[in-house]
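Colleague: One structure is given below, represented as structure tokens, and several questions about it will come after.
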Amino acid sequence: MTRKNRIRVASAIGLALGTALLATACSSGAGGSGDANGNVTMTFWHNSTTGPGKAYWEKTVKDFEASHPKITINVQAIQNEDLDGKLQTALNSGGGPDVFLQRGGGKMNAMIQAGQIQDISGSIDSATKAAVSAGTFKGYEVDGKTYAMPVDVLPEGIWYSQDLFKAAGITDTPTTLDELNDDITKLKASGVAPVAVGAKDAWPAAHWYYNFALRECSEDTLNATAKSLKFDDECWTKAGDDVKAFNDTKPFNDGFLTTAAQQGAGSSAGLVANHKAAMELMGSWDPGVISSLTPDQKPLSDLGFFPFPTISGGQGDPAALMGGLDGFSCATKAPKGPCAEFLNYIVTKDAQEAYYKAFSTIPVNKDAQSVITEPYLKSVLAAYTKAPYVSQYLDTLYGQNVGNALNTGVVDLLAGQGSVSDIIDNTNQAAAKG
């Protein structure tokens with residue numbers, strides 16, 4: 001595996017592939033369903049089940065179909081927490097969608113090894129190559145081949161209510177773990193839940209471990225572990241100790257073990273949206289989710305962002321970020337030309353500006369980035385630009401089996417039903433099983 005597990009801010013605009021490529025692919029019958037007149041139907045899976053995100057994909061697909069009358073795309077929105085499992089089951093059965101959300105990392109590597117997704121390297125047109133930085137594409141590269149089209153960058157950090165911070169007497173965002181703990185004490189005294197976490201869905205709770213690992217482990221260790229899948233460096237245990245010590249201060253909302261992450265006002269995002277909790281650790285899609293859960297379904301006016309705090313003595317760079325990409329892959333069975341046309345289309349300037357407005361996150365298109373107005377997204381972009389590296393989310397980087405073991409182990413630790421050593425042992429066992 002040659003790709004570096006980092007992402008960089010993207011640039012410029014993308015355009016669609018030429019109609020000659022479409023005609024070639026349609027006449028070849030390379031997947032999907034088509035007819036003698038060159039009409040092609042594809043299926044498309046994404047994870048935006050409500051609100052502006054769902055509306056965005058419906059409109060984008062309709063706009064694409066209007067300019068590509070021989071292509072029909074059937075859209076299916078699947079809840080985020082269900083998508084990976086349903087997708088893998090469908091791909092393993094030889095069915096599934098033609099175009100689908102791609103998270104990268106070990107999960108993508110497994111699809112490559114199983115022959116389930118296309119190498120799209122030769123289908124990315126010159127305008128798109130100029131549009132999206134080479135560093136961003138690296139998040140979807142293996143051995144020099146590209147397997148997905150990125151649409152946004154998703155650095156992670158802590159989202160917070162400026163009003164609740166002010167009410168608790170907090171004047172500056174914390175930069176160190178000690179400062180974060182002090183602010184949590186002040187927030188408790190003010191009568192608000194300091195930190196919301198949707199541990200029912202496992203991965204949001206595990207992201208606390210991921211970020212402590214980012215601070216405790218060097219970049220070399222993170223990348224070496226991606227190859228070996230052996231969690232034998234002392235830093236992995238230190239990260240677990242950090243999580244336990246943090247949990248012992250009781251920073252999370254009441255009932256966090258049964259709280260969902262992104263569904264409804266009672267979810268962790270909903271608690272922030274309704275000023276029931278002051279903070280949430282999450283990727284940069286969170287503002288869009290929070291907006292959909294406010295009483296008026298509008299952006300939270302006092303939302304702010306700060307990077308995960310530094311800790312003393314860690315091997316990781318204090319400015320490094322945890323993060324990822326959202327992108328889309330073409331299944332092996334998909335018609336190559338039409339699928340590539342769609343992938344290039346979704347990174348055009350107009351599509352990316354609409355994407356930003358729908359999801360309140362950072363698009364890969366530089367010109368679309370220029371229309372970002374929210375201070376919190378500007379803060380994310382500044383931290384992202386400053387970061388010496390951005391590690392993929394560990395459950396993505398290390399693959400589904402290892403990721404599930406990590407996520408489950410962290411939740412068990414938070415629930416008092418497991419230990420730090422259990423996280424390491426169970427993760428190593430999952431890696432050994434492949």
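Ligands are numbered from 1 in the order shown, chains are lettered A, B, ... in the order of the structure tokens, and residues start at 1 in each chain.
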Just want the 10 Å neighbourhood of Ser123 (chain A), counted on only C-alpha atoms, with same-chain residues fewer than 3 positions away dropped. Output as an mmCIF file with N, CA, C and O atoms, in the first residue's frame.

Modeller:
data_model
loop_
_atom_site.group_PDB
_atom_site.id
_atom_site.type_symbol
_atom_site.label_atom_id
_atom_site.label_comp_id
_atom_site.auth_asym_id
_atom_site.auth_seq_id
_atom_site.Cartn_x
_atom_site.Cartn_y
_atom_site.Cartn_z
ATOM 1 N N ALA A 16 -17.428 17.588 -16.935
ATOM 2 C CA ALA A 16 -17.807 16.222 -17.299
ATOM 3 C C ALA A 16 -16.958 15.690 -18.436
ATOM 4 O O ALA A 16 -16.380 16.428 -19.216
ATOM 5 N N LEU A 17 -16.866 14.363 -18.527
ATOM 6 C CA LEU A 17 -16.184 13.730 -19.651
ATOM 7 C C LEU A 17 -16.962 13.938 -20.946
ATOM 8 O O LEU A 17 -18.163 14.198 -20.936
ATOM 9 N N LEU A 21 -16.832 9.336 -24.979
ATOM 10 C CA LEU A 21 -16.557 8.292 -23.996
ATOM 11 C C LEU A 21 -17.842 7.603 -23.590
ATOM 12 O O LEU A 21 -17.904 6.386 -23.447
ATOM 13 N N ASP A 119 -11.049 1.042 -11.237
ATOM 14 C CA ASP A 119 -9.972 2.019 -11.271
ATOM 15 C C ASP A 119 -10.432 3.130 -12.221
ATOM 16 O O ASP A 119 -10.611 2.901 -13.411
ATOM 17 N N ILE A 120 -10.635 4.340 -11.683
ATOM 18 C CA ILE A 120 -11.157 5.423 -12.512
ATOM 19 C C ILE A 120 -10.051 6.361 -12.999
ATOM 20 O O ILE A 120 -10.348 7.429 -13.559
ATOM 21 N N SER A 126 -9.072 16.125 -17.741
ATOM 22 C CA SER A 126 -7.995 17.056 -17.414
ATOM 23 C C SER A 126 -8.472 18.207 -16.550
ATOM 24 O O SER A 126 -7.738 18.679 -15.658
ATOM 25 N N THR A 128 -10.862 18.099 -14.321
ATOM 26 C CA THR A 128 -11.027 17.613 -12.957
ATOM 27 C C THR A 128 -9.683 17.413 -12.275
ATOM 28 O O THR A 128 -9.537 17.687 -11.077
ATOM 29 N N THR A 146 -6.500 5.256 -8.919
ATOM 30 C CA THR A 146 -7.526 6.001 -8.193
ATOM 31 C C THR A 146 -8.848 5.252 -8.268
ATOM 32 O O THR A 146 -9.279 4.836 -9.350
ATOM 33 N N LYS A 336 -18.769 2.126 -17.577
ATOM 34 C CA LYS A 336 -17.616 2.966 -17.262
ATOM 35 C C LYS A 336 -17.799 4.420 -17.677
ATOM 36 O O LYS A 336 -17.565 5.333 -16.884
ATOM 37 N N GLY A 337 -18.208 4.653 -18.931
ATOM 38 C CA GLY A 337 -18.343 6.018 -19.418
ATOM 39 C C GLY A 337 -19.390 6.822 -18.669
ATOM 40 O O GLY A 337 -19.097 7.900 -18.141
ATOM 41 N N CYS A 339 -20.756 6.305 -15.750
ATOM 42 C CA CYS A 339 -20.401 6.460 -14.343
ATOM 43 C C CYS A 339 -19.341 7.541 -14.176
ATOM 44 O O CYS A 339 -19.414 8.384 -13.286
ATOM 45 N N ALA A 340 -18.341 7.536 -15.054
ATOM 46 C CA ALA A 340 -17.291 8.548 -15.007
ATOM 47 C C ALA A 340 -17.847 9.938 -15.279
ATOM 48 O O ALA A 340 -17.431 10.924 -14.639
ATOM 49 N N GLU A 341 -18.794 10.056 -16.199
ATOM 50 C CA GLU A 341 -19.417 11.351 -16.476
ATOM 51 C C GLU A 341 -20.064 11.914 -15.219
ATOM 52 O O GLU A 341 -19.943 13.098 -14.906
ATOM 53 N N LEU A 343 -19.357 11.146 -12.058
ATOM 54 C CA LEU A 343 -18.346 11.491 -11.052
ATOM 55 C C LEU A 343 -17.684 12.826 -11.364
ATOM 56 O O LEU A 343 -17.434 13.632 -10.459
ATOM 57 N N ASN A 344 -17.364 13.068 -12.622
ATOM 58 C CA ASN A 344 -16.776 14.353 -12.986
ATOM 59 C C ASN A 344 -17.766 15.500 -12.807
ATOM 60 O O ASN A 344 -17.383 16.605 -12.408
#

Colleague: Just asking: which residues within region 14-255 of chain A are strand (DSSP E) according to DSSP, as a PyMOL selection string?

Modeller: chain A and resi 33-34+40-46+71-77+99-102+141-142+145-146+149-153+156-161+193-196

Colleague: Can you tell me which residues surround region 89-101 of chain A at a distance of at most 10 Å, considering only C-alpha atoms, apart from same-chain residues fewer than 2 positions away, and format the answer as an NGL selection string?

Modeller: :A and (31-32 or 41-47 or 73-76 or 80 or 83-87 or 103-104 or 111 or 114-117 or 148-150 or 326-336 or 339-340 or 342-343)

Colleague: So which one's closest to Ala168 (chain A), A:Tyr210, A:Glu141, A:Ala269, A:Ala278? Using only C-alpha atoms, please.

Modeller: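 Checking each of A:Tyr210, A:Glu141, A:Ala269, A:Ala278 against Ala168 (chain A), counting only C-alpha atoms, the winner is A:Ala278.
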
Colleague: Enumerate as JSON, numbers by chain all residues of region 25-272 of chain A assigned to helix (DSSP H, G or I) by DSSP on the backbone, naming them with the chain letters and numbers the document uses.

Modeller: {"A": [25, 26, 27, 28, 51, 52, 53, 54, 55, 56, 57, 58, 59, 60, 61, 62, 63, 64, 65, 66, 67, 80, 81, 82, 83, 84, 85, 86, 87, 88, 89, 90, 91, 92, 105, 106, 107, 108, 109, 110, 111, 112, 113, 121, 122, 123, 126, 127, 128, 129, 130, 131, 134, 135, 136, 137, 138, 139, 140, 162, 163, 164, 165, 166, 167, 177, 178, 179, 180, 181, 182, 183, 184, 185, 186, 187, 188, 189, 190, 199, 200, 201, 203, 204, 205, 206, 207, 208, 209, 210, 211, 212, 213, 214, 215, 216, 219, 220, 221, 222, 223, 224, 225, 226, 227, 228, 234, 235, 236, 237, 238, 239, 240, 241, 242, 243, 244, 245, 246, 247, 248, 256, 257, 258, 268, 269, 270, 271, 272]}

Colleague: Check the smallest atom-to-atom distance from each of A:Glu58, A:Asp425, A:Asp63, A:Asp286 to Ala77 (chain A) using only C-alpha atoms, then report the winner.

Modeller: A:Glu58

Colleague: What's around Ala239 (chain A) at 9 Å? Count only C-alpha atoms, leave out sequence neighbours fewer than 4 positions away in its own chain, and write the answer as a list of chain:residue names.

Modeller: A:Tyr209, A:Tyr210, A:Asn211, A:Phe212, A:Ala213, A:Leu214, A:Arg215, A:Glu216, A:Cys217, A:Glu234, A:Cys235, A:Val243, A:Lys244, A:Val420

Colleague: Using only C-alpha atoms, what does the table of region 110-209 of chain A residues within 8 Å of region 289-304 of chain A look like, with each row giving the shortest atom pair and its distance in Å to one decimal, sorted by chain and ascending number, as a Markdown table?

Modeller:
| residue | atom | partner | partner_atom | distance |
| --- | --- | --- | --- | --- |
| A:Trp159 | CA | A:Gly304 | CA | 5.7 |
| A:Tyr160 | CA | A:Gly304 | CA | 5.2 |
| A:Ser161 | CA | A:Leu303 | CA | 5.0 |
| A:Gln162 | CA | A:Asp302 | CA | 5.2 |
| A:Asp163 | CA | A:Asp302 | CA | 6.2 |

Colleague: With only C-alpha atoms as the counted atoms, please give the residues lying no more than 12 Å from Ile362 (chain A), apart from itself and same-chain residues fewer than 6 positions off, as number ranges by chain.

Modeller: A: 8-11, 150-156, 283-288, 324-326, 352-356, 368-374, 376-382, 384

Colleague: What does the distance between CA of Val411 (chain A) and CA of Thr258 (chain A) come to in Å, to one decimal place?

Modeller: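 Separation of CA of Val411 (chain A) and CA of Thr258 (chain A): 10.7 Å.
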
Colleague: Closest to Leu222 (chain A) among A:Asn428, A:Gln392, A:Asn401, A:Thr408, using only C-alpha atoms?

Modeller: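 Using only C-alpha atoms, Leu222 (chain A) sits closest to A:Gln392.
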
Colleague: Need to verify the contact set: Thr49 (chain A), 8 Å, only C-alpha atoms, exclusion of same-chain residues closer than 3 positions in sequence. Can you return it as a list in words?

Modeller: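 In the requested format, the answer is Gly53, Lys54, Ala77, Ile78 and Gln79 of chain A.
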
Colleague: Let's have the selection written as an mmCIF file, in the first residue's frame, with N, CA, C and O atoms.

Modeller:
data_model
loop_
_atom_site.group_PDB
_atom_site.id
_atom_site.type_symbol
_atom_site.label_atom_id
_atom_site.label_comp_id
_atom_site.auth_asym_id
_atom_site.auth_seq_id
_atom_site.Cartn_x
_atom_site.Cartn_y
_atom_site.Cartn_z
ATOM 1 N N GLY A 53 -29.498 17.771 2.438
ATOM 2 C CA GLY A 53 -28.602 16.810 1.802
ATOM 3 C C GLY A 53 -29.343 15.877 0.861
ATOM 4 O O GLY A 53 -28.904 15.639 -0.273
ATOM 5 N N LYS A 54 -30.454 15.375 1.311
ATOM 6 C CA LYS A 54 -31.264 14.491 0.466
ATOM 7 C C LYS A 54 -31.790 15.260 -0.750
ATOM 8 O O LYS A 54 -31.750 14.764 -1.883
ATOM 9 N N ALA A 77 -31.364 6.613 -0.829
ATOM 10 C CA ALA A 77 -30.732 7.188 0.363
ATOM 11 C C ALA A 77 -30.800 6.173 1.490
ATOM 12 O O ALA A 77 -31.874 5.661 1.819
ATOM 13 N N ILE A 78 -29.645 5.871 2.096
ATOM 14 C CA ILE A 78 -29.557 4.859 3.159
ATOM 15 C C ILE A 78 -28.941 5.504 4.393
ATOM 16 O O ILE A 78 -27.927 6.207 4.302
ATOM 17 N N GLN A 79 -29.545 5.267 5.549
ATOM 18 C CA GLN A 79 -29.034 5.823 6.796
ATOM 19 C C GLN A 79 -27.549 5.503 6.965
ATOM 20 O O GLN A 79 -27.116 4.370 6.740
#

Colleague: Just give me the gap between CA of Asp125 (chain A) and CA of Thr348 (chain A) in Å, one decimal is fine.

Modeller: 11.7 Å

Colleague: Could you tell me how far CA of Ala224 (chain A) sits from CA of Thr427 (chain A), in Å to one decimal place?

Modeller: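 Atom-to-atom, CA of Thr427 (chain A) and CA of Ala224 (chain A) are spaced 15.4 Å apart.
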
Colleague: So that I can see what lies close to Asn253 (chain A), please list as a list in words the residues with an atom at most 8 Å from it, counting only C-alpha atoms and leaving out residues fewer than 4 positions away in the same chain.

Modeller: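 Returned residues: Ala193, Pro194, Val195, Ala196, Val197 and Ala277 of chain A.
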
Colleague: Would you export the selected residues with all heavy atoms as a short mmCIF file (atom, residue, chain, number, x, y, z; two decimals), in the first residue's frame, please?

Modeller:
data_model
loop_
_atom_site.label_atom_id
_atom_site.label_comp_id
_atom_site.auth_asym_id
_atom_site.auth_seq_id
_atom_site.Cartn_x
_atom_site.Cartn_y
_atom_site.Cartn_z
N ALA A 193 -24.96 19.78 30.00
CA ALA A 193 -24.09 18.65 29.70
C ALA A 193 -22.88 19.17 28.93
O ALA A 193 -23.04 19.81 27.89
CB ALA A 193 -24.83 17.61 28.88
N PRO A 194 -21.66 18.91 29.40
CA PRO A 194 -20.49 19.45 28.71
C PRO A 194 -20.29 18.88 27.31
O PRO A 194 -20.09 19.62 26.35
CB PRO A 194 -19.33 19.07 29.64
CG PRO A 194 -19.95 18.87 30.97
CD PRO A 194 -21.30 18.29 30.68
N VAL A 195 -20.34 17.54 27.20
CA VAL A 195 -20.01 16.89 25.93
C VAL A 195 -21.11 15.90 25.57
O VAL A 195 -21.47 15.04 26.38
CB VAL A 195 -18.66 16.15 26.02
CG1 VAL A 195 -18.33 15.48 24.68
CG2 VAL A 195 -17.53 17.09 26.44
N ALA A 196 -21.62 16.00 24.38
CA ALA A 196 -22.59 15.03 23.86
C ALA A 196 -21.85 13.98 23.05
O ALA A 196 -20.95 14.30 22.27
CB ALA A 196 -23.63 15.71 22.99
N VAL A 197 -22.24 12.72 23.24
CA VAL A 197 -21.66 11.65 22.42
C VAL A 197 -22.72 10.58 22.18
O VAL A 197 -23.46 10.20 23.08
CB VAL A 197 -20.41 11.04 23.10
CG1 VAL A 197 -20.74 10.39 24.43
CG2 VAL A 197 -19.73 10.03 22.17
N ALA A 277 -26.50 20.38 25.26
CA ALA A 277 -25.10 20.02 25.49
C ALA A 277 -24.23 21.06 24.81
O ALA A 277 -24.63 21.66 23.80
CB ALA A 277 -24.79 18.63 24.96
#

Colleague: With only C-alpha atoms as the atoms that count, which of A:Ile423, A:Ala387, A:Ala131, A:Leu164 lies nearest to Asn407 (chain A)?

Modeller: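 Residue with the minimum atom-to-atom distance to Asn407 (chain A): A:Ile423.
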